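A.B. asks: Sharing a structure, written as structure tokens. Questions coming.
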Amino acid sequence: MTYPLPDLLPALPEILVLTLACVILVIEAFFKDAKAAYVLTLLTLLGAAGVTAFTGGEMSVHTFNGMFVDDAMGDVLKLMTYLAAITAVVYSRGYLAERGIFKGEYFALVLFAVLGMMVMISASHLLTLYLGLELLSLSLYAMVALHRESQAAVEAAMKYFVLGALASGLLLYGMSMLYGLTGTLDLAQISAALREGVSSPVVLAFGLVFVVAGLGFKLGNAPFHMWVPDVYHGAPTAVTLFIGTAPKLAAFAFAMRLLVDGLEPAHGDWQQMLAVMAVLSMAIGNLAAIMQTNIKRMLAYSTISHMGFLLLGILAGTFAGYSAAMFYAIAYVLMSLGGFGMVVYLSRAGYEAENLDDYKGLNSRSPWLAAVMGILMFSMAGIPPFVGFYAKLTILQSLVGAGLVWLAVLAVLFSLIGAFYYLRVIKLMYFDAPHSTGAVAAEAGDARMLLSLNGLAVLLLGLAPQPLMALCANAMQLSLQ
Amino acid sequence: MNFADVVFFLFAAILLLAGLRVITARNPVHAALWLVLAFFTAAGLWMLLEAEFLAITLVLVYVGAVMVLFIFVVMMLDINLEELRQGFWDFLPLAALVAGLMIVEMVMVLGKETFGLVAPLAKPENYSNTKELGRLLYTDYVYPFELASVILLVAIVAAIALTLRRRPGLKAVDPAWQVKQSREGRVRLVNLKPQKPEYKSEEEDE
């Protein structure tokens, strides 16, 4: 019995990342050269970006018996994932070195997490979707716990692990319902089976509840958001930076594959669930963020509200909504990279710049850093001319276009409330007297340069959002045909 | 109700009881042993479904390896479960309410009719469940199979990274290094020329 070898070319980036992650493990085991591991990680991500750009085309290619799909949306999201991972790794080098976790294992786990995200982005089968998610989650749990001296990090890892396992259980139970109903795990076939009509709409709704709940857990949407602030707060800031950025792209891809590729015919059912989750997320995220005195917690609650906003684009259920959500995910990752990157950059050995008070009078200590942080905060608040404004605007347009005006009104209201705590950071930086008058320690020139570029990108994409928007719309169109 | 149904309900009842006892047992070792019983009955259920490979693997891997390790750890750590279970009875009413709701929903939703299931066809004479699983695993499902192996690799890396502590200044000896030592590495013969001690007489100095 012979079996044709599957077409490996579309999966070349995944194969490259896996192979080089194993090489890093070998380097760590035999040479203990963390510096080499760091450089190799960056090279791997750059190489994967090259391969993805080279192998990617306009056509959607399926391989591995239809379990893997390489399409335009996946390629764009993968490229953004590499970009986010590279930036996060560069930002966190100094932070990791000062806390004794600048080790080869850390970078191997980063690459395994990136591999998990790539698998999720390219999944066209419930099995691969789930396995990619587990690969990502498992790497993240370990990264949170890697700083063993920190009690908070270990506690955060434990919470993350237990709640993550619960969420996986919910997701799997929902998937088993879908399997029972349609008799297949392939997303395209599920979609076809649902279109033909299923024997029991009740079971479909029952399975959907579990699937959507599991999805909400992973995205960090209310009412499944409890782990987000604790994990963001307890994890080493460099790990928070990683968790808060690239995985959001994968989570967006996860939602798109599951809900749109697989469950599109049941759109009416999941639209209501997502609407409830989105409104709750925006309400809880924005209101709770006002109360925080710790900037990591504040940004965690802001993440919850942003993820609620992202859901609005998906639940609109139109082509415009999907591409708006994709634009929002990319813009959010850029802003969040800068925001957490700043916290990482301002932290030093034995000192975490994680309280809001630490940002008092930043302007008098380092005007440039304060300006970059100011750009990021304005952008997160959704104030023009920064990219965050256009991200919110396109989502609102798609909502109105889909006739969901009440959701758009609520979204604007909660964004207004949310603007308060972003602007408070700016007030602290520019109008309050600093605790210490010393200049900010100017180390890690590469991180500083990248941070500046990050801030400028948020500004430039705000001034000229068209190319990125067109890219998202194009990719979405090519993938959804 | 035929014989298979009777066996199914018997196993299912034992499985539920064992599962319940896992979370209510006061002694952690007892809880682990109830879990072993739960695995055995689950294996029995799989056997009823003619999935003999899965049933045997469940017993071999979970009961034979995982649970034995687990019981070892529980015995060595001397966990005080009472401390961990503080608040168990406080939260029980709420948990029971949620569980009750879930049960009602599941009874209403799930069933043979709602899924439109039909009994599978009888298998051919020389059908081997193990062989079929193996064939699928290495052909159609090779991609998820590889992914599962990567997940296991990450688990190994994570476990080692989280528990291995390299303490500097340990005085432990390395037997391999000791055995490899030869006389040349340890003993150095120094050729000392016989010399007369030089005495400086005071007269010469002056």
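Chain labels follow the order of the structure tokens: the first chain is A, the next B, and so on; residue numbering restarts at 1 in every chain, and ligands are counted from 1 in their shown order.
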Running DSSP on the backbone, which parts of region 128-251 of chain A land in alpha helix (DSSP H), as a VMD selection string?

C.D. replies: chain A and resid 128 to 145 151 to 182 187 to 196 201 to 219 227 to 234 237 to 243 246 to 251

A.B. asks: Once you count only C-alpha atoms, what closest atom pair and distance in Å to one decimal does each residue of chain B within 10 Å of chain A have, with rows by chain and rising residue number, as a Markdown table?

C.D. replies:
| residue | atom | partner | partner_atom | distance |
| --- | --- | --- | --- | --- |
| B:Glu105 | CA | A:Phe206 | CA | 8.6 |
| B:Met106 | CA | A:Phe206 | CA | 8.6 |
| B:Met108 | CA | A:Val202 | CA | 9.2 |
| B:Val109 | CA | A:Val203 | CA | 5.9 |
| B:Leu110 | CA | A:Val203 | CA | 7.1 |
| B:Gly111 | CA | A:Val203 | CA | 9.7 |
| B:Glu113 | CA | A:Ser199 | CA | 8.6 |
| B:Thr114 | CA | A:Ser200 | CA | 5.4 |
| B:Phe115 | CA | A:Leu181 | CA | 5.5 |
| B:Gly116 | CA | A:Ser199 | CA | 6.3 |
| B:Leu117 | CA | A:Gly180 | CA | 8.4 |
| B:Arg135 | CA | A:Met1 | CA | 9.9 |
| B:Tyr138 | CA | A:Tyr3 | CA | 9.4 |
| B:Thr139 | CA | A:Tyr3 | CA | 6.7 |
| B:Asp140 | CA | A:Asn65 | CA | 5.9 |
| B:Tyr141 | CA | A:Asn65 | CA | 7.7 |
| B:Val142 | CA | A:Phe64 | CA | 7.5 |
| B:Tyr143 | CA | A:Phe64 | CA | 6.3 |
| B:Pro144 | CA | A:Thr128 | CA | 5.9 |
| B:Phe145 | CA | A:Leu131 | CA | 9.5 |
| B:Leu147 | CA | A:Leu131 | CA | 6.6 |
| B:Ala148 | CA | A:Leu131 | CA | 6.8 |
| B:Val150 | CA | A:Leu135 | CA | 7.6 |
| B:Ile151 | CA | A:Leu135 | CA | 5.4 |
| B:Leu152 | CA | A:Leu135 | CA | 9.0 |
| B:Leu153 | CA | A:Cys22 | CA | 9.4 |
| B:Val154 | CA | A:Ser139 | CA | 6.6 |
| B:Ala155 | CA | A:Leu138 | CA | 7.2 |
| B:Val157 | CA | A:Glu105 | CA | 7.3 |
| B:Ala158 | CA | A:Ala142 | CA | 5.5 |
| B:Ala159 | CA | A:Ala142 | CA | 8.1 |
| B:Ile160 | CA | A:Glu105 | CA | 9.3 |
| B:Ala161 | CA | A:Glu105 | CA | 6.7 |
| B:Leu162 | CA | A:Leu146 | CA | 6.1 |
| B:Thr163 | CA | A:Arg148 | CA | 9.1 |

A.B. asks: With 12 Å as the cut-off and only C-alpha atoms counted, what is the closest atom pair between each nearby residue of region 25-95 of chain B and region 11-18 of chain B? Distances in Å to one decimal, ordered by chain and number, as a Markdown table.

C.D. replies:
| residue | atom | partner | partner_atom | distance |
| --- | --- | --- | --- | --- |
| B:Ala25 | CA | B:Ala18 | CA | 9.9 |
| B:His30 | CA | B:Ala18 | CA | 10.5 |
| B:Ala31 | CA | B:Ala18 | CA | 8.8 |
| B:Ala32 | CA | B:Ala18 | CA | 10.2 |
| B:Leu33 | CA | B:Ala18 | CA | 9.1 |
| B:Trp34 | CA | B:Ala18 | CA | 5.3 |
| B:Leu35 | CA | B:Ala18 | CA | 6.6 |
| B:Val36 | CA | B:Ala18 | CA | 8.6 |
| B:Leu37 | CA | B:Ala18 | CA | 6.4 |
| B:Ala38 | CA | B:Leu15 | CA | 5.0 |
| B:Phe39 | CA | B:Leu15 | CA | 8.0 |
| B:Phe40 | CA | B:Leu15 | CA | 8.5 |
| B:Thr41 | CA | B:Phe11 | CA | 5.6 |
| B:Ala42 | CA | B:Leu15 | CA | 6.8 |
| B:Ala43 | CA | B:Phe11 | CA | 9.5 |
| B:Gly44 | CA | B:Phe11 | CA | 7.0 |
| B:Leu45 | CA | B:Phe11 | CA | 6.7 |
| B:Trp46 | CA | B:Phe11 | CA | 10.4 |
| B:Met47 | CA | B:Phe11 | CA | 11.0 |
| B:Leu48 | CA | B:Phe11 | CA | 10.0 |

A.B. asks: Take CA of Leu187 (chain A) and CA of Gly262 (chain A) and report the distance between them in Å, one decimal.

C.D. replies: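 Going from CA of Leu187 (chain A) over to CA of Gly262 (chain A), I get 4.3 Å.
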
A.B. asks: Between CA of Lys171 (chain B) and CA of Arg186 (chain B), measure the distance and give it in Å to one decimal.

C.D. replies: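 Atom-to-atom, CA of Lys171 (chain B) to CA of Arg186 (chain B), that is 19.0 Å.
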
A.B. asks: Give me, as a list of chain:residue names, all polymer residues having an atom no more than 8 Å from Val90 (chain A), counting only C-alpha atoms and skipping those fewer than 4 positions away in the same chain.

C.D. replies: A:Ile86, A:Asp446, A:Ala447

A.B. asks: Quick one: everything within 6 Å of region 154-170 of chain A, counting only C-alpha atoms, minus sequence neighbours fewer than 2 positions away in the same chain. Send it as JSON, numbers by chain.

C.D. replies: {"A": [141, 144, 145, 151, 152, 172, 173, 210, 214, 217, 231, 234]}

A.B. asks: Write out as a ChimeraX atom specification the residues lying within 10 Å of Arg257 (chain A), counting only C-alpha atoms and excluding same-chain residues fewer than 5 positions away.

C.D. replies: /A:120-126,129,187-188,251-252,262-264
